[in-house]
Every structure is written in structure tokens, then in C-alpha cells.
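Novice: This is model-v7.tsv (TSV, C-alpha atoms).
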chain	number	residue	atom	x	y	z
A	25	MET	CA	20.20	21.19	-33.85
A	26	THR	CA	20.64	21.73	-30.14
A	27	SER	CA	19.85	18.83	-27.86
A	28	SER	CA	18.03	19.68	-24.66
A	29	LYS	CA	19.91	18.60	-21.56
A	30	PRO	CA	18.01	16.86	-18.75
A	31	LEU	CA	17.21	19.11	-15.83
A	32	VAL	CA	19.35	18.43	-12.77
A	33	CYS	CA	17.64	19.07	-9.44
A	34	VAL	CA	20.03	20.95	-7.18
A	35	PHE	CA	17.75	21.37	-4.17
A	36	PHE	CA	14.33	19.72	-4.14
A	37	LYS	CA	14.04	15.94	-3.98
A	38	LEU	CA	11.90	14.08	-6.48
A	39	PRO	CA	9.03	11.87	-5.27
A	40	PRO	CA	9.17	8.07	-5.29
A	41	SER	CA	8.09	6.26	-8.42
A	42	ARG	CA	4.38	6.54	-9.15
A	43	GLN	CA	4.40	2.98	-10.44
A	44	SER	CA	5.24	1.28	-7.13
A	45	VAL	CA	1.87	1.24	-5.38
A	46	LEU	CA	0.08	1.04	-8.72
A	47	ARG	CA	1.92	-2.19	-9.52
A	48	ILE	CA	1.22	-3.62	-6.06
A	49	HIS	CA	-2.46	-2.79	-6.50
A	50	GLU	CA	-2.43	-4.66	-9.81
A	51	ILE	CA	-0.76	-7.70	-8.23
A	52	ALA	CA	-3.31	-7.74	-5.42
A	53	TRP	CA	-6.21	-7.74	-7.89
A	54	ASN	CA	-4.65	-9.90	-10.63
A	55	VAL	CA	-2.79	-12.47	-8.52
A	56	PHE	CA	-3.75	-12.46	-4.83
A	57	LEU	CA	-7.51	-12.38	-5.39
A	58	PRO	CA	-7.70	-14.86	-8.34
A	59	GLN	CA	-5.43	-17.34	-6.57
A	60	LEU	CA	-7.45	-17.09	-3.38
A	61	ASN	CA	-10.62	-17.69	-5.40
A	62	ARG	CA	-8.98	-20.60	-7.18
A	63	LEU	CA	-8.15	-22.17	-3.84
A	64	ASN	CA	-11.65	-21.46	-2.59
A	65	ASP	CA	-13.21	-23.25	-5.58
A	66	ALA	CA	-11.07	-26.32	-4.93
A	67	PHE	CA	-11.97	-26.23	-1.26
A	68	GLU	CA	-15.71	-25.92	-1.98
A	69	THR	CA	-15.50	-28.90	-4.34
A	70	ALA	CA	-13.87	-31.02	-1.65
A	71	GLN	CA	-16.39	-29.81	0.92
A	72	ALA	CA	-19.33	-30.76	-1.30
A	73	THR	CA	-18.30	-34.42	-1.13
A	74	TYR	CA	-16.90	-34.61	2.39
A	75	PRO	CA	-18.02	-31.57	4.41
A	76	SER	CA	-15.90	-30.67	7.42
A	77	PRO	CA	-17.14	-27.91	9.75
A	78	GLU	CA	-13.67	-27.58	11.23
A	79	ALA	CA	-12.03	-27.20	7.82
A	80	LYS	CA	-14.69	-24.70	6.80
A	81	LYS	CA	-14.02	-22.64	9.91
A	82	ILE	CA	-10.28	-22.66	9.23
A	83	TRP	CA	-10.76	-21.56	5.63
A	84	SER	CA	-13.28	-18.85	6.53
A	85	GLU	CA	-10.92	-17.39	9.13
A	86	THR	CA	-8.02	-17.57	6.69
A	87	ARG	CA	-9.89	-15.63	4.02
A	88	ARG	CA	-10.98	-13.03	6.54
A	89	SER	CA	-7.43	-12.64	7.81
A	90	ALA	CA	-6.02	-12.42	4.28
A	91	ALA	CA	-8.48	-9.66	3.41
A	92	LYS	CA	-7.58	-7.63	6.49
A	93	LYS	CA	-3.91	-7.84	5.63
A	94	MET	CA	-4.55	-5.90	2.42
A	95	SER	CA	-5.10	-2.84	4.60
A	96	CYS	CA	-1.32	-2.60	5.03
A	97	LEU	CA	-0.98	-1.95	1.29
A	98	ARG	CA	-3.81	0.57	1.41
A	99	ASP	CA	-2.04	2.36	4.26
A	100	VAL	CA	1.17	2.70	2.23
A	101	ALA	CA	-0.77	4.40	-0.56
A	102	PHE	CA	-2.56	6.75	1.83
A	103	MET	CA	0.65	7.62	3.66
A	104	ASN	CA	2.22	8.45	0.30
A	105	TYR	CA	-0.67	10.85	-0.28
A	106	ASP	CA	-0.11	12.48	3.09
A	107	THR	CA	3.65	12.80	2.61
A	108	ALA	CA	3.19	14.31	-0.84
A	109	GLY	CA	0.86	16.95	0.56
A	110	ARG	CA	3.36	17.81	3.27
A	111	PHE	CA	6.21	18.07	0.77
A	112	LEU	CA	4.16	20.36	-1.48
A	113	ALA	CA	3.46	22.62	1.51
A	114	PHE	CA	7.19	22.69	2.27
A	115	MET	CA	7.88	23.69	-1.34
A	116	GLU	CA	5.32	26.49	-1.17
A	117	TYR	CA	6.85	27.87	2.00
A	118	SER	CA	10.31	27.74	0.44
A	119	GLN	CA	9.10	29.62	-2.63
A	120	LEU	CA	7.36	32.28	-0.56
A	121	GLY	CA	10.50	32.83	1.49
A	122	ARG	CA	8.69	32.23	4.74
A	123	ASN	CA	9.95	30.47	7.84
A	124	ASN	CA	9.46	26.87	6.79
A	125	TYR	CA	10.78	25.03	9.85
A	126	GLU	CA	7.31	23.77	10.73
A	127	ALA	CA	6.55	22.68	7.17
A	128	TYR	CA	9.92	20.94	6.94
A	129	GLY	CA	9.44	19.12	10.24
A	130	THR	CA	5.92	18.07	9.29
A	131	PHE	CA	7.08	16.71	5.95
A	132	GLN	CA	9.96	14.81	7.58
A	133	SER	CA	7.58	13.30	10.11
A	134	GLY	CA	5.26	12.15	7.33
A	135	ALA	CA	8.12	10.61	5.36
A	136	TYR	CA	9.37	8.79	8.47
A	137	HIS	CA	5.97	7.23	9.14
A	138	THR	CA	5.57	6.27	5.48
A	139	VAL	CA	8.90	4.41	5.59
A	140	ARG	CA	7.72	2.66	8.74
A	141	LYS	CA	4.40	1.66	7.15
A	142	THR	CA	6.22	0.37	4.08
A	143	ARG	CA	8.42	-1.89	6.19
A	144	ILE	CA	5.40	-3.16	8.10
A	145	ALA	CA	3.68	-3.96	4.80
A	146	GLN	CA	6.61	-6.18	3.81
A	147	GLU	CA	6.30	-8.17	7.03
A	148	VAL	CA	2.52	-8.46	6.71
A	149	LEU	CA	2.76	-9.83	3.17
A	150	LEU	CA	5.08	-12.58	4.35
A	151	LYS	CA	2.56	-13.39	7.08
A	152	PHE	CA	-0.22	-13.34	4.46
A	153	ARG	CA	1.55	-16.04	2.46
A	154	GLU	CA	2.50	-18.12	5.50
A	155	ASP	CA	-1.00	-18.05	7.01
A	156	ILE	CA	-2.51	-19.42	3.80
A	157	ARG	CA	0.12	-22.16	3.64
A	158	ILE	CA	-0.61	-23.20	7.23
A	159	ALA	CA	-4.36	-23.24	6.58
A	160	VAL	CA	-3.90	-25.40	3.49
A	161	ASP	CA	-1.79	-27.88	5.47
A	162	GLN	CA	-4.39	-28.02	8.23
A	163	ILE	CA	-7.25	-28.60	5.79
A	164	THR	CA	-5.26	-31.27	3.97
A	165	THR	CA	-4.55	-33.05	7.25
A	166	LEU	CA	-8.22	-32.98	8.25
A	167	SER	CA	-9.20	-34.53	4.91
A	168	ARG	CA	-6.34	-36.99	4.64
A	169	GLY	CA	-8.66	-39.95	5.02
A	170	ASN	CA	-10.34	-39.05	1.74
A	171	SER	CA	-7.22	-39.08	-0.44
A	172	LYS	CA	-9.01	-39.19	-3.81
A	173	ASP	CA	-11.23	-36.25	-3.03
A	174	ILE	CA	-8.54	-34.10	-1.45
A	175	SER	CA	-6.02	-34.69	-4.24
A	176	SER	CA	-7.58	-31.99	-6.42
A	177	PHE	CA	-7.47	-29.51	-3.53
A	178	LYS	CA	-3.84	-30.42	-2.82
A	179	THR	CA	-2.87	-30.01	-6.48
A	180	GLU	CA	-4.58	-26.63	-6.74
A	181	SER	CA	-3.15	-25.47	-3.43
A	182	ASP	CA	0.40	-26.32	-4.53
A	183	LYS	CA	-0.04	-24.27	-7.70
A	184	THR	CA	-1.67	-21.43	-5.77
A	185	MET	CA	1.07	-21.26	-3.15
A	186	LEU	CA	3.71	-21.06	-5.88
A	187	GLU	CA	1.90	-18.16	-7.57
A	188	LEU	CA	1.38	-16.39	-4.24
A	189	ALA	CA	5.03	-16.84	-3.27
A	190	ILE	CA	6.20	-15.27	-6.53
A	191	ALA	CA	3.73	-12.39	-6.21
A	192	VAL	CA	4.64	-11.68	-2.59
A	193	GLU	CA	8.34	-11.63	-3.47
A	194	GLU	CA	7.67	-9.15	-6.27
A	195	CYS	CA	5.58	-6.94	-3.98
A	196	ASN	CA	8.24	-6.96	-1.29
A	197	ALA	CA	10.94	-6.10	-3.81
A	198	ILE	CA	8.82	-3.15	-4.97
A	199	LEU	CA	8.22	-2.06	-1.38
A	200	ALA	CA	11.94	-2.32	-0.60
A	201	GLU	CA	12.74	-0.05	-3.54
A	202	HIS	CA	9.94	2.29	-2.53
A	203	CYS	CA	11.40	2.46	0.97
A	204	GLU	CA	14.81	3.44	-0.41
A	205	GLU	CA	13.22	6.16	-2.54
A	206	LEU	CA	11.46	7.53	0.54
A	207	LYS	CA	14.75	7.55	2.43
A	208	GLU	CA	16.23	9.64	-0.37
A	209	VAL	CA	13.34	12.08	0.02
A	210	GLN	CA	14.15	12.28	3.73
A	211	ARG	CA	17.57	13.67	2.79
A	212	GLN	CA	15.86	16.84	1.62
A	213	SER	CA	17.73	19.89	2.92
A	214	LEU	CA	16.03	22.76	4.73
A	215	ASP	CA	18.35	25.58	3.67
A	216	ASN	CA	18.09	26.52	-0.01
A	217	ASN	CA	20.59	29.36	0.17
A	218	VAL	CA	23.54	27.17	-0.82
A	219	ASN	CA	21.93	25.70	-3.94
A	220	PRO	CA	18.82	27.76	-4.68
A	221	PRO	CA	16.44	25.98	-7.08
A	222	SER	CA	15.67	27.51	-10.45
A	223	GLU	CA	12.12	28.30	-11.52
A	224	GLU	CA	12.34	25.45	-13.98
A	225	GLU	CA	13.33	23.02	-11.24
A	226	ILE	CA	10.51	24.21	-9.00
A	227	ARG	CA	7.90	23.76	-11.73
A	228	MET	CA	9.19	20.33	-12.70
A	229	VAL	CA	9.50	18.98	-9.16
A	230	GLN	CA	6.18	20.44	-8.08
A	231	GLY	CA	4.49	18.83	-11.07
A	232	LYS	CA	5.94	15.43	-10.22
A	233	TRP	CA	4.89	15.69	-6.57
A	234	LEU	CA	1.38	16.75	-7.60
A	235	ALA	CA	1.16	13.73	-9.90
A	236	PHE	CA	2.39	11.49	-7.08
A	237	TRP	CA	-0.15	13.08	-4.73
A	238	ASN	CA	-3.02	12.47	-7.15
A	239	ILE	CA	-2.15	8.84	-7.86
A	240	SER	CA	-1.90	8.13	-4.12
A	241	SER	CA	-5.34	9.49	-3.24
A	242	ALA	CA	-8.15	7.37	-1.83
A	243	ASN	CA	-10.05	7.51	-5.12
A	244	ALA	CA	-7.13	6.11	-7.12
A	245	TYR	CA	-7.52	2.55	-5.83
A	246	ARG	CA	-10.18	0.01	-4.84
A	247	TRP	CA	-8.76	-1.48	-1.67
A	248	THR	CA	-12.08	-1.92	0.14
A	249	ALA	CA	-13.65	-3.69	-2.83
A	250	LEU	CA	-10.60	-5.97	-2.97
A	251	GLN	CA	-10.95	-6.85	0.71
A	252	GLU	CA	-14.65	-7.57	0.34
A	253	GLN	CA	-14.05	-9.97	-2.53
A	254	MET	CA	-11.13	-11.63	-0.79
A	255	GLN	CA	-13.01	-12.57	2.34
A	256	GLY	CA	-16.17	-13.64	0.55
A	257	PRO	CA	-19.81	-12.75	1.14
A	258	GLU	CA	-19.97	-13.86	4.78
A	259	ASP	CA	-18.25	-10.80	6.24
A	260	SER	CA	-18.54	-8.20	3.48
A	261	ASP	CA	-21.14	-6.16	5.37
A	262	GLU	CA	-18.91	-6.01	8.44
A	263	LEU	CA	-15.95	-4.85	6.35
A	264	SER	CA	-18.02	-2.20	4.59
A	265	LYS	CA	-19.07	-0.74	7.93
A	266	ALA	CA	-15.50	-0.76	9.18
A	267	SER	CA	-14.19	0.88	6.01
A	268	THR	CA	-16.50	3.87	6.38
A	269	SER	CA	-14.77	4.83	9.61
A	270	PHE	CA	-11.29	4.76	8.09
A	271	ALA	CA	-9.65	8.16	7.94
A	272	MET	CA	-6.81	9.31	5.76
A	273	PRO	CA	-3.52	9.65	7.66
A	274	ILE	CA	-3.24	13.06	9.23
A	275	SER	CA	-0.79	15.02	11.28
A	276	SER	CA	0.65	13.11	14.20
A	277	SER	CA	-0.29	15.97	16.49
A	278	LYS	CA	-3.19	14.97	18.71
A	279	ASN	CA	-4.35	18.57	18.95
A	280	ASP	CA	-4.91	18.99	15.21
A	281	THR	CA	-7.80	17.38	13.38
A	282	VAL	CA	-6.71	18.85	10.04
A	283	PRO	CA	-3.22	18.14	8.67
A	284	PHE	CA	-0.85	21.09	8.76
A	285	TRP	CA	-0.25	21.02	5.01
A	286	ARG	CA	-3.99	21.11	4.28
A	287	LYS	CA	-4.40	24.15	6.52
A	288	PHE	CA	-1.56	25.77	4.62
A	289	PHE	CA	-3.11	25.07	1.22
A	290	LEU	CA	-6.43	26.46	2.42
A	291	ARG	CA	-4.70	29.69	3.41
A	292	ILE	CA	-2.70	30.25	0.23
A	293	TRP	CA	-5.43	29.12	-2.18
A	294	SER	CA	-8.32	31.00	-0.56
Kindly transcribe the structure held in the file into C-alpha cells.

Specialist:
Amino acid sequence: MTSSKPLVCVFFKLPPSRQSVLRIHEIAWNVFLPQLNRLNDAFETAQATYPSPEAKKIWSETRRSAAKKMSCLRDVAFMNYDTAGRFLAFMEYSQLGRNNYEAYGTFQSGAYHTVRKTRIAQEVLLKFREDIRIAVDQITTLSRGNSKDISSFKTESDKTMLELAIAVEECNAILAEHCEELKEVQRQSLDNNVNPPSEEEIRMVQGKWLAFWNISSANAYRWTALQEQMQGPEDSDELSKASTSFAMPISSSKNDTVPFWRKFFLRIWS
């Protein structure tokens, strides 16, 4: 029997792992949201006995801020989608033997901005964790006179902060790896004359980029629903209105309203 050897890519770069943003999305839904709700339940219990308008304001603002910070994770996913589209356009130009300087430059620009967004997301997640910790300390201080009633909130908050810290560290580790994978994509060469790709390589790489493109699309995740649940019912209508105006990342050119790679696909697929 002959064993099939793994295909070695000699020209085109492979996309980042499809599991990165998917895993972060899972953590946001399965850890961030439940822990925030857990803390909210403990806070509401304490408020029922000893209501504090100031503490309620702090907690409401904290939830709203935490929800908004999830947009940084959404942006990473959407920028992945944009970069994938640009890379696919670059591949098409390379296959057709056309002048692909514009496609190459557009793809490199998209990859650069995706790396930047990924780094920003890491910083925002640290701020997300720290803001909740500060709010918990402030609420605890305001209720210190009622030690018996605040003890449950303090116990739950300690457990919650531990879970959030672990989850944030995991997310940031994933984002750091994702960033390195994007940097590898940025090393993509323009000239394919030295190591021309085989048809098999083209099919395989194109398939992987298409899969990465699909899993990064707006319909693949539920970021807006996550934000609405995170901040609670008070501001969900405001967030829904804001989310309708959000646009997918497009070309950095101010003169174009349609990304270059989408224009290209429209031309070759029409």
C-alpha cells in the first residue's frame, strides 16, 4: 500500500485556525455571560434587603460597559471575514495571471488591520475584567455596614472574578496565537514565479480560505444577542438600534463603498 504524503504549500499561505474565534465566542457565551448573570443575581439579592441607588447605578454602568466591550471580539471575527475575502481575490488574480499588485496590497492592508484589531481585543478583555473587579469593590464598600447581607455577594463575586480571570487569560492566549497566525499570512509573497503553486495546492488552500471566510461571516455568530443579554433589559433597545447601523469592515479607501475584493468577485462570477 502506498501512503499519501501531506501536501506541502510552496507558495500560498494557509488561513489562521478556524477554531480561534469560534472558541472565543463559546467562552463569551458559556463563561462571561453566565458569570455576569451570577454576579447580577447576588447583587439583586443584596439590593432587595438593603437597596442602594448608588450601587445600582455602578452595577448598571458596569454591565453596559461589559456588553460594549464584546464588540472588540465581534470586530476580530468580521475583520477575519474581510481579510479572507481579500486573500481569495488575490488568489484568483494569481491564477488568472493578471497584474495582482492591487489585490496583493489590498489583502496585506486587511491583514494588517486584523492584526491590529486582535491586539486591541486583548487589551479590551483585560479592561473588561478589571472594570468588573473595581465595580465589585465599590459595591462591597458601599454595603460594608451590612456585613451579613453583603457576605453572599462578596462570596459570589470572588468566585466570579476567578472564573472571569481564567476565561480572559484563555481568550487572550487564543488571540495571541491568532495574531501570530495572521503575521504568518502577512509573509505571503507576491511573485509566484520562483515557486509556482500546483493545482492541488491551489484547490486545497482555496478551500481552506473559503471555509475560514464562511465561519467568520456575520451570520456565524450571535454577538449582538450576547451584548443584549449581558447588559440586561434596561438598554437592550438602545443596543439593538445601534447594532443595525454596524457595517462589515470594508476597504480602507474612503472613495470606495464596496470592498475591492467584492468588486472583483462580482466581475469574475457574473

Novice: Could you work out how far CA of Gln162 (chain A) lies from CA of Ile144 (chain A), giving the answer in Å with one decimal?

Specialist: 26.7 Å

Novice: Got a sec: who's within 10 Å of Gly231 (chain A), counting only C-alpha atoms, leaving out chain neighbours fewer than 6 positions off, as number ranges by chain?

Specialist: A: 38, 112, 225, 237

Novice: Go ahead and write the residues just picked, C-alpha atoms, as a PDB file, keeping the file's coordinate frame.

Specialist:
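Dumped everything to part.pdb:
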ATOM      1  CA  LEU A  38      11.900  14.080  -6.480  1.00  0.00           C
ATOM      2  CA  LEU A 112       4.160  20.360  -1.480  1.00  0.00           C
ATOM      3  CA  GLU A 225      13.330  23.020 -11.240  1.00  0.00           C
ATOM      4  CA  TRP A 237      -0.150  13.080  -4.730  1.00  0.00           C
TER       5      TRP A 237
END

Novice: Using all atoms listed in the file, pick whichever of A:Val100, A:Ser95, A:Thr179, A:Ala249 has the shortest atom-to-atom distance to Leu46 (chain A).

Specialist: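 Of the candidates, the smallest distance to Leu46 (chain A) is held by A:Val100.
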
Novice: Quick one: everything within 9 Å of Pro221 (chain A), counting only C-alpha atoms, minus sequence neighbours fewer than 5 positions away in the same chain. Send it as JSON, numbers by chain.

Specialist: {"A": [33, 34, 35, 36, 216, 226]}

Novice: CA of Val45 (chain A) and CA of Ser89 (chain A), how far apart in Å?

Specialist: 21.3 Å

Novice: Can you tell me how far CA of Arg246 (chain A) sits from CA of Ala52 (chain A), in Å to one decimal?

Specialist: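 These atoms are spaced 10.4 Å apart.
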
Novice: Within 10 Å of Ala127 (chain A), counting only C-alpha atoms, which residues show up once you throw out same-chain ones fewer than 2 positions away? Write them as a ChimeraX atom specification, please.

Specialist: /A:110-118,123-125,129-133,214,284-285,288

Novice: Go ahead and dump the residues you just picked, C-alpha atoms, as a compact mmCIF listing (two decimals), in the frame of the given file.

Specialist:
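Final output, saved to result15.txt:
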# COMPACT_ATOMS: atom_id res chain seq x y z
CA ARG A 110 3.36 17.81 3.27
CA PHE A 111 6.21 18.07 0.77
CA LEU A 112 4.16 20.36 -1.48
CA ALA A 113 3.46 22.62 1.51
CA PHE A 114 7.19 22.69 2.27
CA MET A 115 7.88 23.69 -1.34
CA GLU A 116 5.32 26.49 -1.17
CA TYR A 117 6.85 27.87 2.00
CA SER A 118 10.31 27.74 0.44
CA ASN A 123 9.95 30.47 7.84
CA ASN A 124 9.46 26.87 6.79
CA TYR A 125 10.78 25.03 9.85
CA GLY A 129 9.44 19.12 10.24
CA THR A 130 5.92 18.07 9.29
CA PHE A 131 7.08 16.71 5.95
CA GLN A 132 9.96 14.81 7.58
CA SER A 133 7.58 13.30 10.11
CA LEU A 214 16.03 22.76 4.73
CA PHE A 284 -0.85 21.09 8.76
CA TRP A 285 -0.25 21.02 5.01
CA PHE A 288 -1.56 25.77 4.62

Novice: Around the point (2.0, 10.6, 2.2) (coordinates from the file), which residues reach within 9 Å if we count only C-alpha atoms? Answer as a count of residues only.

Specialist: 20

Novice: My list of candidates is A:Tyr245, A:Leu63, A:Arg143, A:Ala91. Which is closest to Ser176 (chain A) when distances are computed with only C-alpha atoms?

Specialist: A:Leu63

Novice: Give the answer as one residue: which of A:Thr142, A:Ile156, A:Met94, A:Gly256 has the shortest atom-to-atom distance to Glu205 (chain A), using only C-alpha atoms?

Specialist: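 Among the listed residues, A:Thr142 lies closest to Glu205 (chain A).
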
Novice: Extract, using only C-alpha atoms, all DNA, RNA and protein residues at most 12 Å from Lys183 (chain A), discarding same-chain residues fewer than 2 positions from it, and format them as a PyMOL selection string.

Specialist: chain A and resi 59-60+62-63+66+157+160+176-181+185-190

Novice: Output C-alpha atoms of each residue in that selection to a file, as a PDB file, in the coordinates of the input.

Specialist:
ATOM      1  CA  GLN A  59      -5.430 -17.340  -6.570  1.00  0.00           C
ATOM      2  CA  LEU A  60      -7.450 -17.090  -3.380  1.00  0.00           C
ATOM      3  CA  ARG A  62      -8.980 -20.600  -7.180  1.00  0.00           C
ATOM      4  CA  LEU A  63      -8.150 -22.170  -3.840  1.00  0.00           C
ATOM      5  CA  ALA A  66     -11.070 -26.320  -4.930  1.00  0.00           C
ATOM      6  CA  ARG A 157       0.120 -22.160   3.640  1.00  0.00           C
ATOM      7  CA  VAL A 160      -3.900 -25.400   3.490  1.00  0.00           C
ATOM      8  CA  SER A 176      -7.580 -31.990  -6.420  1.00  0.00           C
ATOM      9  CA  PHE A 177      -7.470 -29.510  -3.530  1.00  0.00           C
ATOM     10  CA  LYS A 178      -3.840 -30.420  -2.820  1.00  0.00           C
ATOM     11  CA  THR A 179      -2.870 -30.010  -6.480  1.00  0.00           C
ATOM     12  CA  GLU A 180      -4.580 -26.630  -6.740  1.00  0.00           C
ATOM     13  CA  SER A 181      -3.150 -25.470  -3.430  1.00  0.00           C
ATOM     14  CA  MET A 185       1.070 -21.260  -3.150  1.00  0.00           C
ATOM     15  CA  LEU A 186       3.710 -21.060  -5.880  1.00  0.00           C
ATOM     16  CA  GLU A 187       1.900 -18.160  -7.570  1.00  0.00           C
ATOM     17  CA  LEU A 188       1.380 -16.390  -4.240  1.00  0.00           C
ATOM     18  CA  ALA A 189       5.030 -16.840  -3.270  1.00  0.00           C
ATOM     19  CA  ILE A 190       6.200 -15.270  -6.530  1.00  0.00           C
TER      20      ILE A 190
END

Novice: Hey, can you pull every residue with an atom no more than 9 Å from (11.1, 11.8, -5.1), using only C-alpha atoms, and send it as a list in words?

Specialist: Phe36, Lys37, Leu38, Pro39, Pro40, Ser41, Glu205, Leu206, Glu208, Val209, Val229, Lys232, Trp233 and Phe236 of chain A
